[in-house]
Structures are given as structure tokens and as C-alpha cells.
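File shown: model.tsv (TSV, C-alpha atoms).
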```
chain	number	residue	atom	x	y	z
A	1	MET	CA	0.00	0.00	0.00
A	2	GLY	CA	1.39	3.40	-0.97
A	3	ILE	CA	1.76	6.44	1.16
A	4	SER	CA	-1.41	7.98	-0.21
A	5	GLY	CA	-3.38	4.85	0.65
A	6	LYS	CA	-2.14	4.87	4.20
A	7	LEU	CA	-3.16	8.50	4.60
A	8	ARG	CA	-6.63	7.78	3.35
A	9	LEU	CA	-6.96	4.86	5.78
A	10	GLN	CA	-5.84	6.97	8.77
A	11	THR	CA	-8.27	9.72	7.80
A	12	ARG	CA	-11.15	7.26	7.72
A	13	ILE	CA	-10.19	5.79	11.07
A	14	PHE	CA	-9.96	9.28	12.69
A	15	ALA	CA	-13.31	10.26	11.24
A	16	GLY	CA	-14.92	7.12	12.59
A	17	VAL	CA	-13.49	7.61	16.04
A	18	SER	CA	-14.67	11.26	16.11
A	19	ALA	CA	-18.15	10.19	15.08
A	20	LEU	CA	-18.26	7.63	17.88
A	21	LEU	CA	-17.13	10.21	20.46
A	22	LEU	CA	-19.74	12.69	19.26
A	23	VAL	CA	-22.50	10.10	19.49
A	24	ALA	CA	-21.32	9.10	22.96
A	25	GLY	CA	-21.31	12.76	24.11
A	26	CYS	CA	-24.83	13.35	22.87
A	27	SER	CA	-25.97	10.20	24.58
A	28	GLU	CA	-24.51	11.39	27.89
A	29	GLN	CA	-26.31	14.74	27.62
A	30	HIS	CA	-29.65	13.04	27.03
A	31	GLU	CA	-29.08	10.78	30.01
A	32	GLU	CA	-28.47	13.65	32.56
A	33	GLU	CA	-30.87	13.53	35.54
A	34	PRO	CA	-33.31	16.46	35.96
A	35	ALA	CA	-32.52	19.11	38.65
A	36	PRO	CA	-33.82	18.03	42.08
A	37	VAL	CA	-37.01	19.69	43.41
A	38	ARG	CA	-36.08	21.88	46.37
A	39	PRO	CA	-38.08	21.54	49.61
A	40	VAL	CA	-38.97	24.85	51.27
A	41	LEU	CA	-40.11	25.92	54.70
A	42	TYR	CA	-43.31	27.94	54.71
A	43	VAL	CA	-46.15	29.33	56.77
A	44	LYS	CA	-49.80	29.48	55.84
A	45	ALA	CA	-50.96	33.08	56.07
A	46	GLU	CA	-53.73	33.84	58.56
A	47	PRO	CA	-54.39	37.60	58.46
A	48	GLN	CA	-55.34	39.28	61.71
A	49	VAL	CA	-58.05	41.94	61.68
A	50	GLN	CA	-57.26	43.27	65.17
A	51	ARG	CA	-54.19	43.75	67.32
A	52	THR	CA	-53.92	43.32	71.07
A	53	TYR	CA	-51.72	45.69	73.06
A	54	GLY	CA	-50.66	44.76	76.57
A	55	PHE	CA	-49.03	46.91	79.25
A	56	VAL	CA	-47.67	45.57	82.53
A	57	GLY	CA	-48.39	47.48	85.72
A	58	THR	CA	-49.52	47.17	89.32
A	59	VAL	CA	-52.69	47.62	91.37
A	60	GLN	CA	-52.56	50.82	93.41
A	61	PRO	CA	-55.05	52.72	95.57
A	62	ARG	CA	-56.72	55.81	94.24
A	63	TYR	CA	-56.67	57.42	97.69
A	64	SER	CA	-54.00	57.11	100.38
A	65	ALA	CA	-52.87	59.22	103.32
A	66	ASN	CA	-49.58	59.71	105.14
A	67	LEU	CA	-50.41	59.68	108.86
A	68	ALA	CA	-48.28	61.61	111.36
A	69	PHE	CA	-48.47	62.80	114.98
A	70	ARG	CA	-49.31	66.46	115.49
A	71	THR	CA	-46.85	66.84	118.32
A	72	LEU	CA	-43.29	65.85	119.19
A	73	GLY	CA	-42.84	62.61	121.11
A	74	ARG	CA	-41.31	59.13	121.42
A	75	ILE	CA	-43.29	56.23	119.97
A	76	VAL	CA	-44.22	53.76	122.71
A	77	SER	CA	-46.52	51.47	120.72
A	78	ARG	CA	-47.43	50.61	117.14
A	79	ASP	CA	-50.24	48.11	116.77
A	80	VAL	CA	-50.20	47.58	112.98
A	81	ASP	CA	-47.77	46.56	110.26
A	82	VAL	CA	-47.68	46.56	106.47
A	83	GLY	CA	-50.70	44.77	105.00
A	84	ASP	CA	-52.90	45.04	108.08
A	85	LEU	CA	-56.51	46.12	107.58
A	86	VAL	CA	-57.61	49.07	109.70
A	87	LYS	CA	-60.95	50.70	110.44
A	88	GLN	CA	-61.90	54.34	110.72
A	89	GLY	CA	-61.02	55.73	114.15
A	90	GLU	CA	-58.84	52.76	115.12
A	91	THR	CA	-55.71	53.60	117.13
A	92	LEU	CA	-52.63	52.67	115.11
A	93	ALA	CA	-49.75	54.05	117.21
A	94	MET	CA	-49.07	56.11	120.34
A	95	ILE	CA	-46.36	58.39	121.65
A	96	ASP	CA	-45.37	58.80	125.33
A	97	PRO	CA	-48.20	60.89	126.86
A	98	SER	CA	-46.43	61.78	130.15
A	99	ALA	CA	-45.60	65.38	129.27
A	100	LEU	CA	-49.01	65.87	127.69
A	101	ASP	CA	-50.74	64.56	130.81
A	102	LEU	CA	-48.82	67.12	132.90
A	103	GLY	CA	-50.00	69.82	130.52
A	104	VAL	CA	-53.61	68.78	131.05
A	105	GLN	CA	-53.16	68.85	134.84
A	106	ALA	CA	-51.63	72.31	134.70
A	107	ALA	CA	-54.48	73.58	132.52
A	108	ARG	CA	-57.06	72.19	134.95
A	109	ALA	CA	-55.32	73.89	137.87
A	110	ASP	CA	-55.28	77.19	135.98
A	111	LEU	CA	-58.98	76.81	135.30
A	112	ALA	CA	-59.71	76.14	138.99
A	113	SER	CA	-57.76	79.26	139.96
A	114	ALA	CA	-59.59	81.36	137.39
A	115	GLU	CA	-62.94	80.10	138.59
A	116	ALA	CA	-62.02	80.95	142.20
A	117	GLN	CA	-61.02	84.46	141.16
A	118	PHE	CA	-64.26	84.80	139.28
A	119	ALA	CA	-66.28	83.71	142.32
A	120	ASN	CA	-64.44	86.25	144.53
A	121	ALA	CA	-64.89	89.03	141.99
A	122	SER	CA	-68.60	88.18	141.63
A	123	ALA	CA	-69.14	88.37	145.40
A	124	ALA	CA	-67.27	91.69	145.60
A	125	GLU	CA	-69.38	93.11	142.76
A	126	GLU	CA	-72.60	92.14	144.55
A	127	ARG	CA	-71.46	93.87	147.78
A	128	GLN	CA	-70.43	97.01	145.94
A	129	SER	CA	-73.73	97.05	144.13
A	130	THR	CA	-75.65	96.92	147.42
A	131	LEU	CA	-73.55	99.72	148.90
A	132	LEU	CA	-74.04	101.80	145.79
A	133	ARG	CA	-77.82	101.50	146.04
A	134	GLN	CA	-77.62	102.59	149.69
A	135	GLY	CA	-75.51	105.56	148.69
A	136	ASN	CA	-72.57	104.51	150.84
A	137	ILE	CA	-69.98	104.38	147.99
A	138	SER	CA	-69.27	106.33	144.88
A	139	GLU	CA	-70.00	105.20	141.33
A	140	SER	CA	-66.27	104.87	140.56
A	141	ILE	CA	-65.76	102.29	143.31
A	142	TYR	CA	-68.56	100.14	141.90
A	143	ASP	CA	-67.12	100.48	138.39
A	144	ALA	CA	-63.79	99.12	139.63
A	145	ALA	CA	-65.56	96.10	141.16
A	146	ARG	CA	-67.45	95.52	137.90
A	147	GLN	CA	-64.25	95.72	135.89
A	148	ALA	CA	-62.60	93.15	138.18
A	149	LEU	CA	-65.58	90.81	137.64
A	150	ASP	CA	-65.31	91.11	133.84
A	151	ALA	CA	-61.57	90.40	134.01
A	152	ALA	CA	-62.20	87.33	136.16
A	153	SER	CA	-64.82	86.09	133.67
A	154	ALA	CA	-62.36	86.51	130.79
A	155	GLY	CA	-59.78	84.63	132.84
A	156	VAL	CA	-62.15	81.70	133.21
A	157	GLU	CA	-62.78	81.59	129.45
A	158	LYS	CA	-59.04	81.71	128.79
A	159	ALA	CA	-58.39	78.88	131.22
A	160	GLN	CA	-61.16	76.79	129.66
A	161	ALA	CA	-59.66	77.29	126.20
A	162	ALA	CA	-56.22	76.33	127.51
A	163	LEU	CA	-57.64	73.16	129.04
A	164	SER	CA	-59.37	72.23	125.77
A	165	GLN	CA	-56.10	72.76	123.89
A	166	ALA	CA	-54.19	70.65	126.41
A	167	GLU	CA	-56.75	67.85	126.11
A	168	ASP	CA	-56.51	68.01	122.32
A	169	GLN	CA	-52.74	67.76	122.59
A	170	ARG	CA	-53.24	64.71	124.80
A	171	ASN	CA	-55.44	63.13	122.15
A	172	TYR	CA	-52.72	63.79	119.56
A	173	ALA	CA	-50.63	61.20	121.40
A	174	GLN	CA	-52.77	58.59	119.63
A	175	LEU	CA	-52.52	58.13	115.86
A	176	ARG	CA	-55.86	57.11	114.35
A	177	SER	CA	-57.00	56.24	110.85
A	178	ASP	CA	-59.41	58.61	109.13
A	179	PHE	CA	-60.97	55.86	106.98
A	180	ASN	CA	-61.14	52.12	106.41
A	181	GLY	CA	-58.10	50.85	104.53
A	182	VAL	CA	-54.88	48.87	104.56
A	183	VAL	CA	-51.44	49.85	105.84
A	184	SER	CA	-49.22	50.21	102.78
A	185	SER	CA	-45.99	51.38	104.43
A	186	VAL	CA	-44.39	51.93	107.85
A	187	ASN	CA	-41.87	54.74	108.33
A	188	ALA	CA	-41.18	54.74	112.07
A	189	GLN	CA	-40.47	52.15	114.75
A	190	VAL	CA	-41.27	51.85	118.45
A	191	GLY	CA	-38.79	53.88	120.53
A	192	GLN	CA	-38.12	56.38	117.76
A	193	VAL	CA	-38.59	60.08	118.49
A	194	VAL	CA	-40.68	61.72	115.79
A	195	GLY	CA	-41.48	65.34	115.15
A	196	ALA	CA	-44.83	66.90	114.43
A	197	GLY	CA	-45.85	66.10	110.86
A	198	GLN	CA	-43.26	63.36	110.35
A	199	THR	CA	-44.87	60.44	108.46
A	200	VAL	CA	-45.27	57.33	110.62
A	201	LEU	CA	-47.69	55.21	108.55
A	202	THR	CA	-49.31	55.29	105.13
A	203	VAL	CA	-52.86	53.98	104.90
A	204	ALA	CA	-54.47	53.31	101.54
A	205	ARG	CA	-58.17	53.01	100.87
A	206	SER	CA	-58.88	49.57	99.47
A	207	ASP	CA	-62.39	50.26	98.17
A	208	THR	CA	-61.25	52.19	95.08
A	209	ARG	CA	-58.40	50.44	93.25
A	210	GLU	CA	-56.63	51.38	90.05
A	211	ALA	CA	-54.34	49.68	87.54
A	212	VAL	CA	-51.29	51.87	86.96
A	213	VAL	CA	-49.30	51.28	83.75
A	214	ASP	CA	-46.68	53.13	81.71
A	215	ILE	CA	-47.48	53.55	78.00
A	216	PRO	CA	-44.90	54.63	75.39
A	217	ASP	CA	-45.21	58.12	73.96
A	218	SER	CA	-45.54	56.66	70.46
A	219	MET	CA	-48.85	55.02	71.42
A	220	ILE	CA	-50.32	57.66	73.69
A	221	GLY	CA	-51.99	59.49	70.79
A	222	ASP	CA	-54.54	56.68	70.35
A	223	ILE	CA	-55.49	56.69	74.05
A	224	SER	CA	-57.94	59.04	75.74
A	225	ILE	CA	-59.72	59.53	79.05
A	226	GLY	CA	-62.57	57.05	79.53
A	227	MET	CA	-61.18	54.45	77.12
A	228	PRO	CA	-61.96	50.87	78.30
A	229	PHE	CA	-59.27	48.31	79.10
A	230	ASP	CA	-59.26	44.65	80.13
A	231	VAL	CA	-57.10	44.08	83.21
A	232	ILE	CA	-55.67	40.59	83.79
A	233	LEU	CA	-54.11	39.38	87.04
A	234	GLN	CA	-50.72	37.89	86.12
A	235	SER	CA	-50.68	35.43	88.99
A	236	ALA	CA	-54.08	34.07	87.88
A	237	PRO	CA	-54.82	34.94	84.23
A	238	SER	CA	-58.36	33.63	84.53
A	239	ILE	CA	-59.18	36.51	86.92
A	240	ARG	CA	-60.04	39.64	84.98
A	241	ALA	CA	-61.64	43.02	85.50
A	242	ARG	CA	-62.83	45.88	83.36
A	243	GLY	CA	-61.64	49.42	83.79
A	244	ARG	CA	-61.57	52.87	82.21
A	245	ILE	CA	-58.77	55.40	81.98
A	246	ARG	CA	-59.12	58.07	84.65
A	247	GLU	CA	-55.87	59.95	84.24
A	248	ILE	CA	-53.04	60.33	81.72
A	249	ALA	CA	-49.83	61.99	82.87
A	250	PRO	CA	-49.39	65.35	81.06
A	251	GLN	CA	-45.65	64.78	80.61
A	252	SER	CA	-43.61	61.71	79.72
A	253	ASP	CA	-40.76	60.34	81.80
A	254	ALA	CA	-37.47	61.80	80.63
A	255	ALA	CA	-35.64	58.44	80.87
A	256	THR	CA	-38.21	55.94	79.60
A	257	ARG	CA	-40.29	58.23	77.33
A	258	THR	CA	-43.47	56.74	78.76
A	259	ARG	CA	-46.51	58.28	80.38
A	260	ARG	CA	-48.19	57.01	83.51
A	261	VAL	CA	-51.81	56.03	82.96
A	262	ARG	CA	-54.30	55.26	85.74
A	263	ILE	CA	-57.18	52.89	84.98
A	264	THR	CA	-60.02	52.78	87.52
A	265	LEU	CA	-61.15	49.18	88.03
A	266	ASN	CA	-64.87	48.45	87.95
A	267	GLU	CA	-65.87	46.19	90.86
A	268	PRO	CA	-62.60	44.18	90.94
A	269	GLN	CA	-62.40	40.86	92.76
A	270	ALA	CA	-60.61	40.59	96.10
A	271	ALA	CA	-57.69	38.92	94.28
A	272	PHE	CA	-56.74	42.33	92.88
A	273	ARG	CA	-54.81	43.18	96.04
A	274	LEU	CA	-52.79	46.37	96.28
A	275	GLY	CA	-49.37	45.84	94.73
A	276	ALA	CA	-50.45	42.88	92.57
A	277	THR	CA	-48.92	42.72	89.08
A	278	ILE	CA	-51.40	43.05	86.23
A	279	THR	CA	-51.51	43.34	82.44
A	280	ALA	CA	-53.82	45.96	80.94
A	281	THR	CA	-54.86	44.94	77.42
A	282	ARG	CA	-56.76	46.61	74.62
A	283	ARG	CA	-57.85	45.22	71.26
A	284	VAL	CA	-57.64	47.59	68.29
A	285	ALA	CA	-59.16	46.93	64.85
A	286	THR	CA	-56.54	47.09	62.06
A	287	GLN	CA	-56.22	46.39	58.36
A	288	PRO	CA	-55.73	42.63	57.69
A	289	SER	CA	-52.06	41.80	58.20
A	290	VAL	CA	-49.87	38.73	58.72
A	291	LEU	CA	-47.06	38.26	61.23
A	292	LEU	CA	-44.04	36.61	59.51
A	293	PRO	CA	-40.47	35.80	60.56
A	294	ILE	CA	-37.88	38.30	59.34
A	295	SER	CA	-36.24	35.51	57.29
A	296	ALA	CA	-39.23	35.56	54.92
A	297	LEU	CA	-38.62	39.16	53.84
A	298	LEU	CA	-36.92	39.84	50.48
A	299	GLU	CA	-35.78	43.40	49.79
A	300	GLU	CA	-34.51	44.20	46.30
A	301	GLY	CA	-34.52	47.36	44.24
A	302	GLY	CA	-36.28	49.35	46.94
A	303	LYS	CA	-39.17	46.88	47.06
A	304	THR	CA	-40.31	44.61	49.88
A	305	MET	CA	-41.45	41.18	48.74
A	306	VAL	CA	-42.05	37.62	49.84
A	307	TRP	CA	-41.92	34.34	47.95
A	308	VAL	CA	-45.28	32.59	47.69
A	309	VAL	CA	-45.91	29.03	46.57
A	310	ASP	CA	-48.63	27.97	44.14
A	311	PRO	CA	-49.71	24.63	45.63
A	312	ALA	CA	-51.23	23.53	42.30
A	313	THR	CA	-48.06	23.89	40.22
A	314	GLN	CA	-45.55	23.66	43.12
A	315	THR	CA	-43.72	26.75	41.81
A	316	VAL	CA	-42.72	30.00	43.50
A	317	ARG	CA	-43.19	33.62	42.59
A	318	THR	CA	-42.59	36.96	44.32
A	319	GLN	CA	-45.35	39.11	45.76
A	320	ASP	CA	-45.02	42.73	46.80
A	321	VAL	CA	-46.07	43.44	50.38
A	322	SER	CA	-46.44	46.51	52.59
A	323	ILE	CA	-44.60	46.50	55.93
A	324	VAL	CA	-46.87	47.52	58.80
A	325	ALA	CA	-44.31	46.94	61.57
A	326	ARG	CA	-40.99	45.18	62.00
A	327	ASN	CA	-38.31	44.33	64.55
A	328	GLY	CA	-35.20	42.20	64.62
A	329	TYR	CA	-37.12	38.90	64.61
A	330	SER	CA	-40.38	39.41	62.71
A	331	PHE	CA	-42.41	41.79	60.62
A	332	THR	CA	-46.09	42.44	59.98
A	333	ALA	CA	-47.07	42.54	56.32
A	334	GLY	CA	-50.20	43.56	54.48
A	335	ASN	CA	-51.50	42.57	51.00
A	336	ILE	CA	-51.32	38.83	51.75
A	337	ALA	CA	-54.48	36.80	51.23
A	338	ASP	CA	-55.73	34.26	53.74
A	339	GLY	CA	-54.30	30.79	53.10
A	340	THR	CA	-51.29	31.95	51.07
A	341	TYR	CA	-48.19	29.76	51.41
A	342	VAL	CA	-45.25	32.07	52.24
A	343	VAL	CA	-41.66	30.80	52.08
A	344	THR	CA	-39.80	31.53	55.32
A	345	ALA	CA	-36.18	30.50	54.59
A	346	GLY	CA	-33.66	30.72	51.75
A	347	VAL	CA	-35.44	33.59	50.01
A	348	HIS	CA	-32.21	34.80	48.33
A	349	SER	CA	-31.59	31.51	46.52
A	350	LEU	CA	-34.97	31.08	44.81
A	351	GLU	CA	-35.91	31.94	41.23
A	352	ALA	CA	-39.26	32.82	39.75
A	353	GLY	CA	-41.04	29.72	38.48
A	354	GLN	CA	-38.72	27.36	40.32
A	355	LYS	CA	-40.16	23.98	41.27
A	356	VAL	CA	-40.34	23.42	45.00
A	357	LYS	CA	-41.65	20.81	47.37
A	358	LEU	CA	-43.88	21.60	50.31
A	359	PRO	CA	-43.40	19.59	53.52
A	360	GLN	CA	-46.26	17.57	54.90
A	361	GLU	CA	-49.11	19.52	56.52
A	362	GLY	CA	-48.21	20.42	60.09
A	363	THR	CA	-44.46	20.59	59.46
A	364	GLU	CA	-44.42	23.91	57.62
A	365	ARG	CA	-43.12	25.75	60.68
```

Would you kindly transcribe this structure into C-alpha cells?
Amino acid sequence: MGISGKLRLQTRIFAGVSALLLVAGCSEQHEEEPAPVRPVLYVKAEPQVQRTYGFVGTVQPRYSANLAFRTLGRIVSRDVDVGDLVKQGETLAMIDPSALDLGVQAARADLASAEAQFANASAAEERQSTLLRQGNISESIYDAARQALDAASAGVEKAQAALSQAEDQRNYAQLRSDFNGVVSSVNAQVGQVVGAGQTVLTVARSDTREAVVDIPDSMIGDISIGMPFDVILQSAPSIRARGRIREIAPQSDAATRTRRVRITLNEPQAAFRLGATITATRRVATQPSVLLPISALLEEGGKTMVWVVDPATQTVRTQDVSIVARNGYSFTAGNIADGTYVVTAGVHSLEAGQKVKLPQEGTER
């Protein structure tokens, strides 16, 4: 075989091998497995048509009084402590009455002396009056006797007033409650010397109770006097009471930016004891919105979107949503229909029209 024949043979062999390789390559492409269907986590949208706001606070009395002695003294007894129930007029504490008793005795002695002087002056005036009628004395002498009688009468009145004041001072040795209530604080102990006006006890009226809460400034605009609230006892959530706002603080706290709000409770149960922790709640109607985890939010090109799944075709698509509220863990979105399947993870790795697989019902979360 010549050189030209060999070349033709090699060319044919090369062409045959190339054809076989091409056929094999095409066969491999046709035999590639389809892309796997990706499972996704999702939530089924359930729009809420109202929102519930809750504020933690405590039960406090509407009326309370700081009780103090009206005179200086050393406390010798205190018959009540914090939490004790007291009645109107009940003696709660007492200071040493020794000095006050001496004052009463002195006032009584002064009154007895004044009465004796008055009796003497009255007898003298009667004698001078008789002598004047008989013409035995001058008018000026009788006038002097009459003046002495008037002075003695004024002395008796002065002594009586002094005795009344001393007896009042003696009564001030006992500290009494002005109304039925409960002792909310104690500020002095037995043996302590207290001054006039120094607080010894605080008594709160237990008949009118209020829920006191602090509400952020950002929410105070929707709240007004007389607005109803549901008040729940935290230690027993089944115990509830209704109330209405009585007072809203005119200024917010400089540190917390909250305002103190007082809610008068309407016939609360006995379980609403003073100092108990409560939650004041209020339901507000809102536009339908859905609470979603922050991982479901897709933000691109200045738009806020979520991926939704078509359960019929098992494909995903984006849907624009409006953000009602958000924090570091979740957000509230509008424009989502009831029953929509919203993807909650891997939102940055999905494509429009991509096939997905939904987990079994009950495992979407």
C-alpha cells in the first residue's frame, strides 16, 4: 500500500473515532438527571383583623394618706404593720403621753384658779352694788368692782380654752385612721422620736383600686380619658376586670419616654390586692395583616417582597407586600391573602417559576 493509501486509511479511522465520540457525548447529555425539586419551609398566612396591646403594671389605691403625729414625742406602741386592715377611728400608734398629761393637769389647775377668782370678783361686785344702792360708795368704786368681775370672767374663758387645747394635745398622742383601709408602708419604729408632721404610717383606701401602667409616647396618641381596658391578674390569668382610663400623665418620663396612665377598676375581685402585678390589654381593629419571621422578607430594588408558593403547580413567585411593623425577629405585612403559602427561609436563593416541594401539613413551621 502506498503512502497515499495509508493517509486515506488513517483519515477514515480518525473520522470514525470522532463520530463515535460525538455520538457518545450526545448520549450522555440526554441521560443527565433532571434538577432536584427543592423543599422549602413555609407558613400558611392567617391575616389578623385586630391587634392586642398589653401593658404591665400594678394595682394601686386611688386614695391614700400619710399619717403623722401632730406633736413631738417618742413612739411607745405601734399596733399595725404593712398589709394590716384598719378601720376608721382605730388607734394605730401612740407616743409617750407623760408630758401631755402634765400639761392637762396644769391647765385644769389654771382653770380652777380662774374660777375661784371669778367667784371672789362676783361676790365683791354684789357687795359694791348693794352699797351703791344705799348711797354709801361712789359710782367709781362700783365700776372698779365691775371691771374686776369682767376680768375674772375673761380669765375663766381663757383657762377653759387652755384646758381644751391641752386635752386636744393629749389626744394627739394617739394616731388614728381617718378611713377604712390597709397599711401600705411603715416609716417609724417603736422607741423612735418623731417630730410633728413626720410620716409614721401610710394607709391606703382599698375600696377604690386602680391599675397603673406606663405607656410609650408613640402610642399615647390613640389613648384618651374614659377608654376601656381589660385588666388581667398575672398570677391568675383567669381573673379579669374591666376598667376605664381616669388619668393620663401630662408629661412623659425623661428616661423611659413613657406616660403614667391610671385605669379605675370596675368592681374588681378581692384577688386584685394592692401591689399585685397586672396586664392591661386593649384590642384595636386594624387592616388585615400577617405576622411573619424576618427571614421571609426579600428586599430588592427598593421593594419589599415575599416568595409565595402555588400549591397547584408547586412553583414559586414573588409578591409585593407593605410593611406595617418590623423588629429584629419578625415583621407584619399587608397585602397577603388568607391561606397563602409564604416561604420563610432561603429567600435569596430562589428563582421565579422554580419547582419546590412543600413539607407535609403540620411541618411547615

Open item on the list: For a test of reading the model, state the distance in Å between CA of Pro47 (chain A) and CA of Ile232 (chain A), rounded to one decimal.
Closed with: 25.5 Å

Open item on the list: When you count only C-alpha atoms, which of these residues is closest to Phe179 (chain A): A:Lys158, A:Arg240, A:Arg38, A:Lys87?
Closed with: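 Of A:Lys158, A:Arg240, A:Arg38, A:Lys87, the one nearest Phe179 (chain A) is A:Lys87, counting only C-alpha atoms.
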
Please report, as lines of an AutoDock Vina configuration file, the centre and edge lengths in Å to one decimal of an axis-aligned box covering all listed atoms of region 178-189 of chain A with 6 Å per side.
```
center_x = -50.8
center_y = 53.7
center_z = 108.8
size_x = 32.7
size_y = 21.7
size_z = 24.0
```

TODO: Check the smallest atom-to-atom distance from each of A:Phe55, A:Pro228, A:Tyr142, A:Val190 to Thr258 (chain A) using all atoms listed in the file, then report the winner.
DONE: A:Phe55

- [ ] List the neighbours of Ala65 (chain A) out to 8 Å using only C-alpha atoms; skip same-chain residues closer than 4 positions along the sequence, and give me the result as a PyMOL selection string.
- [x] chain A and resi 202-204

Task: Residues near Val104 (chain A), cut-off 9 Å, all atoms listed in the file, skip fewer than 5 positions along chain, as a list in words - done: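 Non-adjacent residues within range: Ala99, Ala109, Ala162, Leu163, Ser164, Gln165, Ala166, Glu167, Gln169 and Arg170 of chain A.
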
Task: Protein/DNA/RNA residues near (-43.2, 37.6, 59.8), cut 12 Å, only C-alpha atoms, as a PyMOL selection string - done: chain A and resi 42-47+289-298+305-306+321-334+336+342-345+365

Open item on the list: Please report the interatomic distance between CA of Asp96 (chain A) and CA of Ser113 (chain A) in Å with one decimal.
Closed with: 28.0 Å

Task: Residue with smallest distance to Thr91 (chain A) - pool A:Thr52, A:Ser177, A:Ser153, A:Ser138, counting only C-alpha atoms - done: A:Ser177

- [ ] Quick one: pull the distance between CA of Ala68 (chain A) and CA of Gly195 (chain A), Å, one decimal.
- [x]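 Spanning CA of Ala68 (chain A) to CA of Gly195 (chain A) is a straight-line distance of 8.6 Å.
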
Open item on the list: Which residues are close to Thr208 (chain A), i.e. within 9 Å by only C-alpha atoms, leaving aside same-chain residues fewer than 2 positions away? Reply as a count of residues only.
Closed with: 11

Open item on the list: Nearest residue to Gly302 (chain A) out of A:Met219, A:Val59, A:Asp320, A:Asp101, using all atoms listed in the file?
Closed with: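 Smallest distance to Gly302 (chain A) is found for A:Asp320.
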
Task: Distance query 12 Å from (-48.7, 64.0, 123.4) using all atoms listed in the file, result as an MDAnalysis selection string - done: chainID A and resid 69:76 93:104 165:175 193:196

Task: Given all atoms listed in the file as the counted atoms, nearest of A:Ile248, A:Val213, A:Ala161, A:Ala152 to Asn120 (chain A) - done: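 Nearest to Asn120 (chain A): A:Ala152.
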
Task: Counting only C-alpha atoms, the residue of A:Asn335, A:Gln314, A:Thr277, A:Gln198 that sits nearest Leu358 (chain A) - done: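 Closest candidate: A:Gln314.
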
Task: Selection: 6 Å around Gln354 (chain A), all atoms listed in the file, excl. self and same-chain fewer than 2 positions, as a ChimeraX atom specification - done: /A:315-316,351-352

- [ ] Skip Ser129 (chain A) itself and residues of its chain fewer than 2 positions away, then list as a list in words all residues within 12 Å of it, counting only C-alpha atoms.
- [x] Ser122, Ala123, Ala124, Glu125, Glu126, Arg127, Leu131, Leu132, Arg133, Gln134, Gly135, Asn136, Ile137, Ser138, Glu139, Ser140, Ile141, Tyr142, Asp143, Ala144, Ala145 and Arg146 of chain A
